[in-house]
Amino acid sequence: MTETKPPCPRCGKASLMMTAARVAELVAAIPIEPSLRVSPAAYEARLERCASCAALRENLLCAWCGCFVQFRARPKAGYCPNPAGNKWQDT
């Protein structure tokens, strides 16, 4: 019996398996100047708001813009694309 991998939620390719752990690994590997990224507490606050949003898909993707929220939440310039308003304004 062969194990089937769930497809990448963004591109749908079965050969790619994007998990929260893999995305976190990729986010950590991308260098962002410390002055351009939010604090660890603000990053976690942003992700918590995403976790409670109905637009979050697969615990990874924003249905409003299609991005991996872990990437969008890290830079200070990142924002929540919710049409009702930026849920990260105070983070």
# chains A, B, ... in the order shown; residues from 1 in each chain; ligands from 1
$ residues_around --residues "region 24-28 of chain A" --least-positions-apart "5" --cutoff "9 Å" --atoms "only C-alpha atoms" --output "JSON list (two decimals) with N, CA and C atoms, in the first residue's frame"
[["chain", "number", "residue", "atom", "x", "y", "z"],
["A", 19, "THR", "N", 3.58, 21.58, 4.59],
["A", 19, "THR", "CA", 3.02, 21.47, 5.94],
["A", 19, "THR", "C", 3.38, 22.73, 6.69],
["A", 70, "GLN", "N", 2.27, 32.67, 6.98],
["A", 70, "GLN", "CA", 3.51, 32.74, 7.75],
["A", 70, "GLN", "C", 4.54, 33.66, 7.08],
["A", 71, "PHE", "N", 4.52, 33.73, 5.75],
["A", 71, "PHE", "CA", 5.42, 34.64, 5.03],
["A", 71, "PHE", "C", 4.92, 36.08, 5.12],
["A", 74, "ARG", "N", 5.45, 38.09, 8.67],
["A", 74, "ARG", "CA", 6.78, 38.38, 9.22],
["A", 74, "ARG", "C", 7.27, 39.81, 8.97]]
$ residues_around --residues "Leu56 (chain A)" --least-positions-apart "4" --cutoff "12 Å" --atoms "only C-alpha atoms" --output "MDAnalysis selection string"
chainID A and resid 9 47:52 60:70 80:82
$ closest_residue --among "A:Ala84, A:Glu58, A:Met18, A:Asp90" --to "Val38 (chain A)" --atoms "only C-alpha atoms"
A:Asp90
$ atom_distance --atom1 "CA of Ala21 (chain A)" --atom2 "CA of Lys87 (chain A)"
23.9 Å
$ select_by_dssp --residues "region 45-91 of chain A" --states "strand (DSSP E)" --output "list in words"
Leu56, Arg57, Leu61 and Cys62 of chain A
$ atom_distance --atom1 "CA of Leu36 (chain A)" --atom2 "CA of Lys76 (chain A)"
5.6 Å
$ atom_distance --atom1 "CA of Ala45 (chain A)" --atom2 "CA of Arg57 (chain A)"
17.9 Å
$ select_by_dssp --residues "chain A" --states "alpha helix (DSSP H)" --output "PyMOL selection string"
chain A and resi 20-29+40-51+69-72
$ write_last_selection --atoms "C-alpha atoms" --output "mmCIF file, in the first residue's frame"
data_model
loop_
_atom_site.group_PDB
_atom_site.id
_atom_site.type_symbol
_atom_site.label_atom_id
_atom_site.label_comp_id
_atom_site.auth_asym_id
_atom_site.auth_seq_id
_atom_site.Cartn_x
_atom_site.Cartn_y
_atom_site.Cartn_z
ATOM 1 C CA ALA A 20 3.061 24.093 8.648
ATOM 2 C CA ALA A 21 6.460 22.771 9.745
ATOM 3 C CA ARG A 22 7.875 23.022 6.215
ATOM 4 C CA VAL A 23 6.543 26.550 5.768
ATOM 5 C CA ALA A 24 8.033 27.568 9.151
ATOM 6 C CA GLU A 25 11.366 26.120 8.031
ATOM 7 C CA LEU A 26 11.246 28.135 4.806
ATOM 8 C CA VAL A 27 10.217 31.329 6.599
ATOM 9 C CA ALA A 28 13.158 30.984 9.000
ATOM 10 C CA ALA A 29 15.552 30.431 6.084
ATOM 11 C CA PRO A 40 8.357 37.491 17.603
ATOM 12 C CA ALA A 41 5.383 38.464 19.797
ATOM 13 C CA ALA A 42 3.799 40.507 16.991
ATOM 14 C CA TYR A 43 4.413 37.671 14.523
ATOM 15 C CA GLU A 44 2.624 35.213 16.825
ATOM 16 C CA ALA A 45 -0.229 37.696 17.368
ATOM 17 C CA ARG A 46 -0.687 38.031 13.616
ATOM 18 C CA LEU A 47 -0.733 34.258 13.153
ATOM 19 C CA GLU A 48 -3.256 33.887 15.997
ATOM 20 C CA ARG A 49 -5.563 36.327 14.243
ATOM 21 C CA CYS A 50 -5.172 34.354 11.038
ATOM 22 C CA ALA A 51 -5.947 31.124 12.910
ATOM 23 C CA VAL A 69 0.249 33.620 5.994
ATOM 24 C CA GLN A 70 3.514 32.739 7.750
ATOM 25 C CA PHE A 71 5.419 34.635 5.031
ATOM 26 C CA ARG A 72 3.070 37.613 4.927
#
$ decode --residues "region 64-79 of chain A" --atoms "N, CA and C atoms" --output "short mmCIF file (atom, residue, chain, number, x, y, z; two decimals), in the first residue's frame"
data_model
loop_
_atom_site.label_atom_id
_atom_site.label_comp_id
_atom_site.auth_asym_id
_atom_site.auth_seq_id
_atom_site.Cartn_x
_atom_site.Cartn_y
_atom_site.Cartn_z
N TRP A 64 -8.10 35.25 0.95
CA TRP A 64 -8.26 36.57 0.34
C TRP A 64 -7.18 36.84 -0.69
N CYS A 65 -5.95 36.42 -0.42
CA CYS A 65 -4.86 36.76 -1.35
C CYS A 65 -4.10 35.53 -1.87
N GLY A 66 -4.28 34.37 -1.25
CA GLY A 66 -3.61 33.16 -1.70
C GLY A 66 -2.22 32.96 -1.14
N CYS A 67 -1.79 33.84 -0.26
CA CYS A 67 -0.43 33.73 0.28
C CYS A 67 -0.35 32.74 1.44
N PHE A 68 0.87 32.29 1.71
CA PHE A 68 1.14 31.55 2.93
C PHE A 68 1.23 32.60 4.02
N VAL A 69 0.33 32.56 5.00
CA VAL A 69 0.25 33.62 5.99
C VAL A 69 1.54 33.76 6.81
N GLN A 70 2.27 32.67 6.98
CA GLN A 70 3.51 32.74 7.75
C GLN A 70 4.54 33.66 7.08
N PHE A 71 4.52 33.73 5.75
CA PHE A 71 5.42 34.64 5.03
C PHE A 71 4.92 36.08 5.12
N ARG A 72 3.65 36.27 4.94
CA ARG A 72 3.07 37.61 4.93
C ARG A 72 3.14 38.27 6.30
N ALA A 73 3.07 37.48 7.37
CA ALA A 73 3.02 38.02 8.73
C ALA A 73 4.37 38.50 9.26
N ARG A 74 5.45 38.09 8.67
CA ARG A 74 6.78 38.38 9.22
C ARG A 74 7.27 39.81 8.97
N PRO A 75 7.17 40.36 7.77
CA PRO A 75 7.67 41.73 7.55
C PRO A 75 6.76 42.78 8.19
N LYS A 76 7.37 43.87 8.65
CA LYS A 76 6.58 44.98 9.20
C LYS A 76 5.61 45.51 8.16
N ALA A 77 6.01 45.49 6.90
CA ALA A 77 5.15 45.99 5.82
C ALA A 77 4.01 45.04 5.49
N GLY A 78 4.02 43.83 6.05
CA GLY A 78 2.94 42.88 5.79
C GLY A 78 1.63 43.40 6.36
N TYR A 79 0.55 43.02 5.73
CA TYR A 79 -0.76 43.45 6.20
C TYR A 79 -1.78 42.35 5.93
#
